[in-house]
$ cat data_10.txt   # compact mmCIF, C-alpha atoms and all ligand atoms
# COMPACT_ATOMS: atom_id res chain seq x y z
CA MET A 30 0.00 0.00 0.00
CA LYS A 31 1.21 3.52 -0.83
CA HIS A 32 2.43 5.43 2.20
CA ILE A 33 0.47 8.49 3.25
CA VAL A 34 1.92 12.01 2.83
CA ILE A 35 0.42 14.92 4.77
CA ALA A 36 1.46 18.37 3.49
CA ILE A 37 1.04 21.32 5.87
CA ASP A 38 1.74 24.88 4.75
CA GLY A 39 1.15 28.32 6.17
CA PRO A 40 2.76 31.53 7.35
CA ALA A 41 5.21 31.83 10.25
CA ALA A 42 3.92 30.95 13.72
CA SER A 43 0.51 29.83 12.43
CA GLY A 44 0.61 26.68 14.56
CA LYS A 45 1.59 24.31 11.76
CA GLY A 46 4.60 22.84 13.60
CA THR A 47 2.56 21.88 16.67
CA LEU A 48 -0.16 20.42 14.48
CA ALA A 49 2.32 18.55 12.27
CA ARG A 50 4.01 16.93 15.27
CA ARG A 51 0.68 15.79 16.71
CA LEU A 52 -0.54 14.36 13.40
CA ALA A 53 2.78 12.55 12.94
CA ALA A 54 2.46 10.96 16.39
CA ALA A 55 -1.23 10.06 15.93
CA PHE A 56 -0.80 8.50 12.47
CA ASN A 57 2.63 7.01 13.19
CA LEU A 58 4.48 8.95 10.49
CA PRO A 59 7.94 10.57 10.44
CA TYR A 60 7.87 14.37 10.65
CA LEU A 61 10.04 16.88 8.77
CA ASP A 62 10.00 20.59 9.62
CA THR A 63 11.21 21.86 6.23
CA GLY A 64 11.78 25.36 7.61
CA LEU A 65 14.82 23.86 9.34
CA LEU A 66 16.39 23.14 5.95
CA TYR A 67 16.27 26.83 5.02
CA ARG A 68 17.44 27.75 8.51
CA VAL A 69 20.47 25.44 8.21
CA VAL A 70 21.39 26.91 4.83
CA ALA A 71 21.12 30.42 6.31
CA ARG A 72 23.12 29.43 9.41
CA ARG A 73 25.89 27.93 7.30
CA VAL A 74 26.10 31.05 5.11
CA LEU A 75 26.30 33.24 8.24
CA ASP A 76 28.96 30.91 9.73
CA HIS A 77 31.07 31.63 6.64
CA CYS A 78 30.44 35.38 7.10
CA GLY A 79 28.57 35.26 3.77
CA ASP A 80 25.59 37.21 2.45
CA PRO A 81 22.31 35.20 2.55
CA SER A 82 21.26 36.71 -0.79
CA ASP A 83 24.43 35.41 -2.51
CA ALA A 84 22.87 32.67 -4.68
CA ALA A 85 26.09 30.76 -5.43
CA MET A 86 27.15 30.59 -1.80
CA ALA A 87 23.68 29.71 -0.47
CA THR A 88 23.24 26.98 -3.10
CA ARG A 89 26.63 25.47 -2.20
CA GLN A 90 25.53 25.30 1.42
CA ALA A 91 22.17 23.77 0.45
CA LEU A 92 23.90 21.04 -1.59
CA GLY A 93 26.17 20.17 1.35
CA LEU A 94 23.40 19.88 3.93
CA GLY A 95 22.96 16.65 5.91
CA ARG A 96 20.40 15.34 8.42
CA ILE A 97 22.72 15.97 11.34
CA ASP A 98 22.70 19.74 10.58
CA LEU A 99 18.99 19.87 11.46
CA GLU A 100 19.91 19.12 15.08
CA ARG A 101 21.92 22.32 15.53
CA GLY A 102 20.73 24.36 18.50
CA ASP A 103 21.30 27.77 16.91
CA LEU A 104 18.68 27.76 14.14
CA ARG A 105 15.88 29.73 15.78
CA THR A 106 17.43 33.13 16.37
CA PRO A 107 16.01 36.37 14.93
CA GLU A 108 19.15 36.67 12.74
CA VAL A 109 18.52 33.23 11.24
CA ASP A 110 14.77 34.01 10.78
CA LEU A 111 15.58 36.79 8.34
CA ALA A 112 18.51 35.04 6.64
CA ALA A 113 16.35 31.91 6.12
CA SER A 114 13.71 33.99 4.39
CA ALA A 115 16.43 35.47 2.12
CA VAL A 116 17.97 32.12 1.09
CA ALA A 117 14.45 30.68 0.60
CA SER A 118 13.75 33.18 -2.18
CA ILE A 119 16.62 31.76 -4.30
CA ALA A 120 15.30 29.25 -6.85
CA SER A 121 18.53 27.22 -6.99
CA VAL A 122 18.52 26.81 -3.19
CA ARG A 123 14.95 25.50 -3.32
CA ALA A 124 15.86 23.12 -6.15
CA ALA A 125 18.85 21.80 -4.18
CA LEU A 126 16.57 20.95 -1.24
CA LEU A 127 13.83 19.17 -3.20
CA ASP A 128 15.35 15.67 -3.22
CA PHE A 129 16.03 15.77 0.52
CA GLN A 130 12.34 16.52 1.18
CA ARG A 131 11.00 13.92 -1.27
CA ASP A 132 13.42 11.22 -0.12
CA PHE A 133 12.34 11.80 3.46
CA ALA A 134 8.86 10.43 2.70
CA THR A 135 9.95 7.56 0.46
CA SER A 136 10.19 4.64 2.86
CA SER A 137 7.22 5.20 5.20
CA GLY A 138 5.35 8.35 4.16
CA ALA A 139 5.60 11.51 6.26
CA VAL A 140 4.12 14.70 7.61
CA LEU A 141 6.01 17.72 6.24
CA ASP A 142 5.39 21.35 7.09
CA GLY A 143 6.59 24.43 5.24
CA ARG A 144 5.46 26.94 2.63
CA ASP A 145 5.34 24.96 -0.63
CA ILE A 146 4.80 21.36 0.42
CA GLY A 147 1.30 21.01 -1.09
CA THR A 148 2.08 23.14 -4.15
CA ILE A 149 5.61 22.09 -5.22
CA VAL A 150 7.22 19.40 -3.07
CA PHE A 151 4.28 16.98 -2.89
CA PRO A 152 1.56 18.20 -5.28
CA ALA A 153 -0.03 14.72 -5.04
CA ALA A 154 -0.01 14.59 -1.22
CA ASP A 155 -2.89 12.58 0.27
CA VAL A 156 -3.92 15.43 2.59
CA LYS A 157 -3.05 19.11 2.21
CA LEU A 158 -3.63 21.59 5.00
CA PHE A 159 -3.09 25.35 4.93
CA ILE A 160 -2.87 26.78 8.43
CA THR A 161 -3.43 30.48 9.03
CA ALA A 162 -4.00 32.90 11.92
CA THR A 163 -4.07 36.67 12.17
CA LEU A 164 -0.75 38.51 12.41
CA ASP A 165 -1.57 39.65 15.96
CA VAL A 166 -2.28 36.12 17.17
CA ARG A 167 0.84 34.75 15.51
CA ALA A 168 2.99 37.53 16.97
CA GLU A 169 1.69 36.79 20.49
CA ARG A 170 2.46 33.08 20.05
CA ARG A 171 5.98 33.64 18.71
CA PHE A 172 6.70 36.25 21.40
CA ALA A 173 5.70 33.75 24.12
CA GLU A 174 8.02 31.14 22.54
CA ARG A 175 10.90 33.60 22.41
CA ARG A 176 10.38 34.51 26.05
CA ALA A 177 10.35 30.87 27.06
CA GLN A 178 13.66 30.49 25.19
CA LYS A 179 14.94 33.55 27.15
CA VAL A 180 15.55 35.45 23.88
CA ALA A 181 15.50 39.19 24.58
CA THR A 182 12.96 40.77 22.21
CA THR A 183 9.71 42.76 22.15
CA LEU A 184 6.24 41.96 20.83
CA GLU A 185 6.66 44.77 18.28
CA ALA A 186 9.96 43.36 16.99
CA VAL A 187 8.47 39.87 16.67
CA ARG A 188 5.43 41.24 14.86
CA ALA A 189 7.63 43.21 12.42
CA ASP A 190 9.78 40.12 11.73
CA LEU A 191 6.71 37.98 10.98
CA ALA A 192 5.15 40.65 8.76
CA ALA A 193 8.39 41.08 6.79
CA ARG A 194 8.87 37.34 6.30
CA ASP A 195 5.21 36.80 5.31
CA GLU A 196 5.50 39.52 2.71
CA ALA A 197 8.77 38.09 1.34
CA ASP A 198 7.39 34.51 1.33
CA ARG A 199 4.13 35.53 -0.39
CA THR A 200 5.62 37.76 -3.08
CA ARG A 201 8.77 35.88 -4.09
CA LYS A 202 8.92 34.38 -7.59
CA ALA A 203 10.22 30.97 -6.47
CA ALA A 204 7.51 28.87 -4.80
CA PRO A 205 5.52 31.71 -3.20
CA LEU A 206 3.48 30.92 -0.08
CA ARG A 207 -0.11 30.18 -1.11
CA PRO A 208 -2.65 27.43 -0.43
CA ALA A 209 -2.80 24.58 -2.95
CA LYS A 210 -6.16 24.56 -4.79
CA ASP A 211 -7.15 21.34 -3.02
CA ALA A 212 -5.90 22.33 0.47
CA HIS A 213 -8.15 22.41 3.53
CA VAL A 214 -7.72 25.89 5.03
CA LEU A 215 -7.74 26.08 8.82
CA ASP A 216 -7.70 29.43 10.63
CA THR A 217 -6.32 28.83 14.13
CA SER A 218 -6.81 32.42 15.38
CA THR A 219 -9.53 31.27 17.77
CA LEU A 220 -8.72 27.54 17.91
CA ASP A 221 -6.54 25.98 20.57
CA ALA A 222 -4.11 23.19 19.63
CA ASN A 223 -6.62 20.45 20.55
CA ARG A 224 -9.39 21.78 18.33
CA ALA A 225 -6.99 22.40 15.44
CA PHE A 226 -5.77 18.82 15.79
CA ALA A 227 -9.33 17.42 15.88
CA ALA A 228 -10.28 19.22 12.65
CA ALA A 229 -7.10 18.13 10.87
CA ALA A 230 -7.35 14.52 12.09
CA ASP A 231 -10.90 14.35 10.65
CA TRP A 232 -9.60 15.34 7.22
CA VAL A 233 -6.80 12.78 7.43
CA ASN A 234 -9.27 10.05 8.44
CA GLN A 235 -11.57 11.01 5.53
CA ALA A 236 -8.61 10.72 3.13
CA LEU A 237 -7.64 7.33 4.58
CA ALA A 238 -11.20 6.06 4.26
CA LYS A 239 -11.19 6.87 0.51
CA ARG A 240 -8.02 4.89 -0.26
O1 LIG A 301 8.96 28.57 12.30
P1 LIG A 301 8.60 29.67 11.33
O2 LIG A 301 7.21 29.50 10.82
O3 LIG A 301 8.91 31.02 11.86
O4 LIG A 301 9.56 29.55 10.08
P2 LIG A 301 10.11 28.24 9.40
O5 LIG A 301 8.98 27.35 9.02
O6 LIG A 301 11.20 27.66 10.24
O7 LIG A 301 10.73 28.81 8.03
C1 LIG A 301 11.77 29.76 8.01
C2 LIG A 301 11.77 30.41 6.64
O8 LIG A 301 12.10 29.40 5.65
C3 LIG A 301 10.44 30.99 6.19
O9 LIG A 301 10.28 32.35 6.52
C4 LIG A 301 10.45 30.78 4.68
O10 LIG A 301 11.03 31.89 4.04
C5 LIG A 301 11.36 29.60 4.47
N1 LIG A 301 10.67 28.35 4.10
C6 LIG A 301 10.32 28.15 2.78
O11 LIG A 301 10.50 29.04 1.95
N2 LIG A 301 9.78 26.97 2.37
C7 LIG A 301 9.54 25.99 3.25
N3 LIG A 301 9.03 24.83 2.80
C8 LIG A 301 9.85 26.17 4.61
C9 LIG A 301 10.40 27.38 5.02
$ encode --input "data_10.txt" --output "structure tokens"
Amino acid sequence: MKHIVIAIDGPAASGKGTLARRLAAAFNLPYLDTGLLYRVVARRVLDHCGDPSDAAMATRQALGLGRIDLERGDLRTPEVDLAASAVASIASVRAALLDFQRDFATSSGAVLDGRDIGTIVFPAADVKLFITATLDVRAERRFAERRAQKVATTLEAVRADLAARDEADRTRKAAPLRPAKDAHVLDTSTLDANRAFAAAADWVNQALAKR
């Protein structure tokens, strides 16, 4: 039987990571946070004192990326947030990361979250979800995460970072952030994690029942 692939896309801090992890546990699937791939590329460019918009350098780093790099503890800083968004707009970086993402799901299926999973990486995914929430709600969530990580920042700075990345992700030429035509759209602005999970699990069960 073909393994199931669940594609989850949406803007920053929309709740897609939490949802993806819970779906992966519930349906016994491996989980890949594809944002980490772009974060690693950005981190490696910064480690070499490079410019994240330098296509040749960023592509070299993308081609040299391995699974172990995803375990680095320095991928979720505000500096990496912005650099990740910059490397993610480079078409050759995205192309270099495609095989890694597709191979990840080959042996047992997977849940993947990102910006272009349902549109580009797995256009034939069994279930596609597009997770949204208002900018204010997302900023509050990300600010709480940053505080828990003891990162010194303000709600205004977090909000500005999210707004800038959303704009860059939505308007770039290469794989812009948008829902796939056949995606289920879930607005989590007023949904807690349990209710978001319940709605998504229903869609997954419906897809499984049709196979
Ligand atoms: O966790 P958060 O939602 O803040 O971001 P992320 O998912 O870790 O992604 C970091 C950046 O990588 C995003 O701002 C996007 O520019 C980029 N990205 C992408 O272009 N395509 C993906 N499939 C995943 C992330």
$ atom_distance --input "data_10.txt" --atom1 "atom P2 of ligand LIG 301 (chain A)" --atom2 "CA of Thr148 in chain A"
16.6 Å
$ residues_around --input "data_10.txt" --residues "Ile149 in chain A" --least-positions-apart "2" --cutoff "10 Å" --atoms "only C-alpha atoms" --output "PDB file with C-alpha atoms, in the frame of the given file"
ATOM      1  CA  LEU A 127      13.830  19.170  -3.200  1.00  0.00           C
ATOM      2  CA  ARG A 144       5.460  26.940   2.630  1.00  0.00           C
ATOM      3  CA  ASP A 145       5.340  24.960  -0.630  1.00  0.00           C
ATOM      4  CA  ILE A 146       4.800  21.360   0.420  1.00  0.00           C
ATOM      5  CA  GLY A 147       1.300  21.010  -1.090  1.00  0.00           C
ATOM      6  CA  PHE A 151       4.280  16.980  -2.890  1.00  0.00           C
ATOM      7  CA  PRO A 152       1.560  18.200  -5.280  1.00  0.00           C
ATOM      8  CA  ALA A 153      -0.030  14.720  -5.040  1.00  0.00           C
ATOM      9  CA  ALA A 204       7.510  28.870  -4.800  1.00  0.00           C
ATOM     10  CA  PRO A 205       5.520  31.710  -3.200  1.00  0.00           C
ATOM     11  CA  ALA A 209      -2.800  24.580  -2.950  1.00  0.00           C
TER      12      ALA A 209
END
$ closest_atom_pairs --input "data_10.txt" --of "chain A" --to "ligand LIG 301 (chain A)" --cutoff "8 Å" --atoms "all atoms listed in the file" --output "CSV"
residue,atom,partner,partner_atom,distance
A:Asp38,CA,A:LIG301,N3,7.5
A:Gly39,CA,A:LIG301,O2,7.7
A:Pro40,CA,A:LIG301,O2,6.0
A:Ala41,CA,A:LIG301,O2,3.1
A:Ala42,CA,A:LIG301,O2,4.6
A:Ser43,CA,A:LIG301,O2,6.9
A:Lys45,CA,A:LIG301,O2,7.7
A:Gly46,CA,A:LIG301,O1,7.3
A:Asp62,CA,A:LIG301,O5,6.9
A:Thr63,CA,A:LIG301,C8,4.8
A:Gly64,CA,A:LIG301,O6,3.5
A:Leu65,CA,A:LIG301,O6,5.3
A:Leu66,CA,A:LIG301,C8,7.3
A:Tyr67,CA,A:LIG301,O8,4.9
A:Arg68,CA,A:LIG301,C1,6.0
A:Arg105,CA,A:LIG301,O6,7.5
A:Asp110,CA,A:LIG301,C1,5.9
A:Leu111,CA,A:LIG301,O9,7.1
A:Ala113,CA,A:LIG301,C2,4.8
A:Ser114,CA,A:LIG301,O10,3.4
A:Ala115,CA,A:LIG301,O10,6.8
A:Val116,CA,A:LIG301,O10,7.5
A:Ala117,CA,A:LIG301,O11,4.5
A:Ser118,CA,A:LIG301,O11,6.7
A:Arg123,CA,A:LIG301,O11,7.8
A:Asp142,CA,A:LIG301,N3,6.6
A:Gly143,CA,A:LIG301,N3,3.5
A:Arg144,CA,A:LIG301,N3,4.2
A:Asp145,CA,A:LIG301,N3,5.0
A:Ile146,CA,A:LIG301,N3,6.0
A:Arg171,CA,A:LIG301,O3,7.9
A:Leu191,CA,A:LIG301,O3,7.4
A:Arg194,CA,A:LIG301,O9,5.2
A:Asp195,CA,A:LIG301,O9,6.9
A:Ala197,CA,A:LIG301,O10,7.1
A:Asp198,CA,A:LIG301,O10,5.2
A:Ala204,CA,A:LIG301,O11,7.4
A:Pro205,CA,A:LIG301,O11,7.6
A:Leu206,CA,A:LIG301,O11,7.5
$ closest_residue --input "data_10.txt" --among "A:Arg176, A:Arg188, A:Arg51, A:His77" --to "Ala229 in chain A" --atoms "only C-alpha atoms"
A:Arg51
$ closest_residue --input "data_10.txt" --among "A:Thr47, A:Gln178, A:Thr200, A:Thr135" --to "Thr217 in chain A" --atoms "all atoms listed in the file"
A:Thr47
$ closest_residue --input "data_10.txt" --among "A:Ala225, A:Gly93, A:Pro107, A:Arg50" --to "Arg175 in chain A" --atoms "all atoms listed in the file"
A:Pro107
$ residues_around --input "data_10.txt" --residues "Ala134 in chain A" --least-positions-apart "6" --cutoff "10 Å" --atoms "only C-alpha atoms" --output "list in words"
His32, Ile33, Val34, Ile35, Leu58, Pro59, Tyr60, Leu61, Val140, Leu141 and Phe151 of chain A
$ write_last_selection --input "data_10.txt" --atoms "C-alpha atoms" --output "PDB file, keeping the file's coordinate frame"
ATOM      1  CA  HIS A  32       2.430   5.430   2.200  1.00  0.00           C
ATOM      2  CA  ILE A  33       0.470   8.490   3.250  1.00  0.00           C
ATOM      3  CA  VAL A  34       1.920  12.010   2.830  1.00  0.00           C
ATOM      4  CA  ILE A  35       0.420  14.920   4.770  1.00  0.00           C
ATOM      5  CA  LEU A  58       4.480   8.950  10.490  1.00  0.00           C
ATOM      6  CA  PRO A  59       7.940  10.570  10.440  1.00  0.00           C
ATOM      7  CA  TYR A  60       7.870  14.370  10.650  1.00  0.00           C
ATOM      8  CA  LEU A  61      10.040  16.880   8.770  1.00  0.00           C
ATOM      9  CA  VAL A 140       4.120  14.700   7.610  1.00  0.00           C
ATOM     10  CA  LEU A 141       6.010  17.720   6.240  1.00  0.00           C
ATOM     11  CA  PHE A 151       4.280  16.980  -2.890  1.00  0.00           C
TER      12      PHE A 151
END
$ closest_residue --input "data_10.txt" --among "A:Arg131, A:Lys157, A:Arg199, A:Arg73" --to "Asp103 in chain A" --atoms "only C-alpha atoms"
A:Arg73
$ atom_distance --input "data_10.txt" --atom1 "CA of Ala230 in chain A" --atom2 "CA of Asp165 in chain A"
26.1 Å
$ build_atoms --input "data_10.txt" --residues "range 201-218 of chain A" --atoms "N, CA, C and O atoms" --output "PDB file, in the coordinates of the input"
ATOM      1  N   ARG A 201       7.597  36.334  -3.324  1.00  0.00           N
ATOM      2  CA  ARG A 201       8.770  35.880  -4.090  1.00  0.00           C
ATOM      3  C   ARG A 201       8.326  35.117  -5.329  1.00  0.00           C
ATOM      4  O   ARG A 201       7.228  34.548  -5.369  1.00  0.00           O
ATOM      5  N   LYS A 202       9.242  35.080  -6.328  1.00  0.00           N
ATOM      6  CA  LYS A 202       8.920  34.380  -7.590  1.00  0.00           C
ATOM      7  C   LYS A 202       8.992  32.866  -7.387  1.00  0.00           C
ATOM      8  O   LYS A 202       8.185  32.117  -7.924  1.00  0.00           O
ATOM      9  N   ALA A 203      10.005  32.409  -6.634  1.00  0.00           N
ATOM     10  CA  ALA A 203      10.220  30.970  -6.470  1.00  0.00           C
ATOM     11  C   ALA A 203       9.310  30.424  -5.372  1.00  0.00           C
ATOM     12  O   ALA A 203       9.453  30.784  -4.208  1.00  0.00           O
ATOM     13  N   ALA A 204       8.373  29.553  -5.759  1.00  0.00           N
ATOM     14  CA  ALA A 204       7.510  28.870  -4.800  1.00  0.00           C
ATOM     15  C   ALA A 204       6.907  29.806  -3.750  1.00  0.00           C
ATOM     16  O   ALA A 204       7.126  29.630  -2.556  1.00  0.00           O
ATOM     17  N   PRO A 205       6.116  30.794  -4.185  1.00  0.00           N
ATOM     18  CA  PRO A 205       5.520  31.710  -3.200  1.00  0.00           C
ATOM     19  C   PRO A 205       4.546  30.978  -2.265  1.00  0.00           C
ATOM     20  O   PRO A 205       3.949  29.971  -2.660  1.00  0.00           O
ATOM     21  N   LEU A 206       4.414  31.498  -1.051  1.00  0.00           N
ATOM     22  CA  LEU A 206       3.480  30.920  -0.080  1.00  0.00           C
ATOM     23  C   LEU A 206       2.048  31.160  -0.545  1.00  0.00           C
ATOM     24  O   LEU A 206       1.629  32.308  -0.707  1.00  0.00           O
ATOM     25  N   ARG A 207       1.328  30.086  -0.775  1.00  0.00           N
ATOM     26  CA  ARG A 207      -0.110  30.180  -1.110  1.00  0.00           C
ATOM     27  C   ARG A 207      -0.721  28.803  -0.898  1.00  0.00           C
ATOM     28  O   ARG A 207      -0.011  27.792  -0.991  1.00  0.00           O
ATOM     29  N   PRO A 208      -2.037  28.748  -0.612  1.00  0.00           N
ATOM     30  CA  PRO A 208      -2.650  27.430  -0.430  1.00  0.00           C
ATOM     31  C   PRO A 208      -2.750  26.695  -1.761  1.00  0.00           C
ATOM     32  O   PRO A 208      -3.027  27.317  -2.782  1.00  0.00           O
ATOM     33  N   ALA A 209      -2.521  25.389  -1.757  1.00  0.00           N
ATOM     34  CA  ALA A 209      -2.800  24.580  -2.950  1.00  0.00           C
ATOM     35  C   ALA A 209      -4.311  24.641  -3.196  1.00  0.00           C
ATOM     36  O   ALA A 209      -5.088  24.831  -2.250  1.00  0.00           O
ATOM     37  N   LYS A 210      -4.716  24.466  -4.446  1.00  0.00           N
ATOM     38  CA  LYS A 210      -6.160  24.560  -4.790  1.00  0.00           C
ATOM     39  C   LYS A 210      -6.984  23.566  -3.988  1.00  0.00           C
ATOM     40  O   LYS A 210      -8.126  23.830  -3.631  1.00  0.00           O
ATOM     41  N   ASP A 211      -6.401  22.396  -3.719  1.00  0.00           N
ATOM     42  CA  ASP A 211      -7.150  21.340  -3.020  1.00  0.00           C
ATOM     43  C   ASP A 211      -6.780  21.257  -1.531  1.00  0.00           C
ATOM     44  O   ASP A 211      -6.984  20.222  -0.900  1.00  0.00           O
ATOM     45  N   ALA A 212      -6.261  22.361  -0.969  1.00  0.00           N
ATOM     46  CA  ALA A 212      -5.900  22.330   0.470  1.00  0.00           C
ATOM     47  C   ALA A 212      -7.115  22.642   1.339  1.00  0.00           C
ATOM     48  O   ALA A 212      -7.979  23.435   0.955  1.00  0.00           O
ATOM     49  N   HIS A 213      -7.182  22.021   2.511  1.00  0.00           N
ATOM     50  CA  HIS A 213      -8.150  22.410   3.530  1.00  0.00           C
ATOM     51  C   HIS A 213      -7.534  23.600   4.272  1.00  0.00           C
ATOM     52  O   HIS A 213      -6.411  23.497   4.768  1.00  0.00           O
ATOM     53  N   VAL A 214      -8.263  24.704   4.352  1.00  0.00           N
ATOM     54  CA  VAL A 214      -7.720  25.890   5.030  1.00  0.00           C
ATOM     55  C   VAL A 214      -8.255  25.925   6.458  1.00  0.00           C
ATOM     56  O   VAL A 214      -9.466  25.790   6.681  1.00  0.00           O
ATOM     57  N   LEU A 215      -7.345  26.071   7.408  1.00  0.00           N
ATOM     58  CA  LEU A 215      -7.740  26.080   8.820  1.00  0.00           C
ATOM     59  C   LEU A 215      -7.192  27.341   9.482  1.00  0.00           C
ATOM     60  O   LEU A 215      -5.978  27.541   9.551  1.00  0.00           O
ATOM     61  N   ASP A 216      -8.111  28.205   9.940  1.00  0.00           N
ATOM     62  CA  ASP A 216      -7.700  29.430  10.630  1.00  0.00           C
ATOM     63  C   ASP A 216      -7.668  29.139  12.125  1.00  0.00           C
ATOM     64  O   ASP A 216      -8.703  28.838  12.726  1.00  0.00           O
ATOM     65  N   THR A 217      -6.468  29.206  12.720  1.00  0.00           N
ATOM     66  CA  THR A 217      -6.320  28.830  14.130  1.00  0.00           C
ATOM     67  C   THR A 217      -6.370  30.045  15.071  1.00  0.00           C
ATOM     68  O   THR A 217      -6.031  29.919  16.245  1.00  0.00           O
ATOM     69  N   SER A 218      -6.808  31.212  14.541  1.00  0.00           N
ATOM     70  CA  SER A 218      -6.810  32.420  15.380  1.00  0.00           C
ATOM     71  C   SER A 218      -7.594  32.210  16.679  1.00  0.00           C
ATOM     72  O   SER A 218      -7.214  32.709  17.737  1.00  0.00           O
TER      73      SER A 218
END
